[in-house]
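Peer 1: Handing you this structure, nothing more for now.
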Amino acid sequence: RTVNVEYNQLDPLLRATEEYKEGDVNDSSGYSPFPGNINQLVFKLDAYNKILQRTKGIMPDFVNPKYKDSNKTVFKKPTRLECMMQEFPTVLNTNESQRVGFTQAASEICFSPVKNNVADGTALQAKGIAAGAAATGEA
């Protein structure tokens with residue numbers, strides 16, 4: 001079954017292993033060995049509609065808090081109940097899941113989100129990671 005793993009779930013999983021104790025860090029190529037996603041989905045609408053009818057649109061949900069620091073006692077921003085698009089394959093039956101896959105493309109030709117403030121974007125850029133800030137996002 002092909003399922004995308006959200007970054008907030010991948011990092012703790014990796015840190016629990018011997019091989020990736022530092023979590024998801026770029027390797028010698030300069031890139032993560034675990035490709036990220038750009039939150040874009042492509043559906044065949046008639047198949048998608050059948051699944052929505054069967055599931056009544058109900059998807060697993062979760063809370064993904066963003067904390068101010070490593071103490072995790074103060075929120076950086078308000079937390080909300082979320083439903084991830086990555087969960088969609090988990091509601092598929094065996095036959096439906098046979099038709100799920102992914103495409104990988106170079107980041108420079110992909111959507112660039114604006115999701116970080118200037119300070120956080122600058123820190124990410126200093127690490128060689130896309131800033132995801134207003135100065136680098138889509139116009």
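Note on naming: chains are A, B, ... as they come in the structure tokens, residues start from 1 per chain, ligands start from 1 in the order shown.
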Which residues are close to Gly137 in chain A, i.e. within 7 Å by only C-alpha atoms, leaving aside same-chain residues fewer than 3 positions away? Reply as a PyMOL selection string.
Peer 2: chain A and resi 112-114+132-134
Peer 1: Select from range 69-129 of chain A everything DSSP, run on the backbone, classes as alpha helix (DSSP H), then give the selection as a ChimeraX atom specification.
Peer 2: /A:94-97,118-126
Peer 1: With a distance cut-off of 12 Å and only C-alpha atoms, select the neighbouring residues of Asp120 in chain A, excluding the residue or stretch itself and same-chain residues fewer than 2 positions from it, and output the selection as a list in words.
Peer 2: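 Residues near the query, excluding close chain neighbours: Lys68, Lys76, Val114, Lys115, Asn116, Asn117, Val118, Thr122, Ala123, Leu124, Gln125, Ala126, Lys127, Ile129, Ala130, Ala131, Gly132, Ala133 and Ala134 of chain A.
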Peer 1: Looking at only C-alpha atoms, which of A:Lys44, A:Lys21, A:Arg15, A:Lys56 is the one that sits closest to Glu96 in chain A?
Peer 2: A:Lys44
Peer 1: Output as a ChimeraX atom specification all residues of chain A that backbone DSSP marks as strand (DSSP E).
Peer 2: /A:62-63,81-82
Peer 1: Go ahead and write the selection's residues with N, CA, C and O atoms as a CSV table (one decimal), in the first residue's frame.
Peer 2:
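Result file follows (out08.csv):
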```
chain,number,residue,atom,x,y,z
A,62,PHE,N,-6.7,14.2,13.4
A,62,PHE,CA,-5.6,14.2,14.5
A,62,PHE,C,-5.4,15.7,14.8
A,62,PHE,O,-5.9,16.6,14.2
A,63,VAL,N,-4.6,15.9,15.9
A,63,VAL,CA,-4.2,17.3,16.3
A,63,VAL,C,-2.7,17.3,16.1
A,63,VAL,O,-2.0,16.5,16.6
A,81,LEU,N,-8.0,20.8,14.9
A,81,LEU,CA,-8.2,19.4,14.4
A,81,LEU,C,-8.0,19.4,12.9
A,81,LEU,O,-8.5,20.2,12.2
A,82,GLU,N,-7.2,18.4,12.5
A,82,GLU,CA,-6.9,18.3,11.1
A,82,GLU,C,-7.2,17.0,10.5
A,82,GLU,O,-7.3,16.0,11.2
```
Peer 1: Choose the residue, out of A:Val100, A:Leu92, A:Ala106, A:Ala16, that has the smallest atom-to-atom separation from Tyr31 in chain A; count only C-alpha atoms.
Peer 2: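 Looking at the shortest contact to Tyr31 in chain A, the residue is A:Ala106.
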Peer 1: Nearest to Thr136 in chain A among A:Gln86, A:Phe111, A:Val74, A:Phe102, with distances taken over only C-alpha atoms: which residue is it?
Peer 2: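 Nearest candidate to Thr136 in chain A out of A:Gln86, A:Phe111, A:Val74, A:Phe102: A:Phe111.
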Peer 1: Ranking A:Gly30, A:Leu41, A:Ala47, A:Glu108 by minimum distance to Asn95 in chain A and counting only C-alpha atoms, which one comes first?
Peer 2: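 Among the listed residues, A:Ala47 lies closest to Asn95 in chain A.
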Peer 1: Rounded to one decimal place, report the CA of Met84 in chain A-CA of Met59 in chain A distance in Å.
Peer 2: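 Calculated distance between CA of Met84 in chain A and CA of Met59 in chain A is 8.2 Å.
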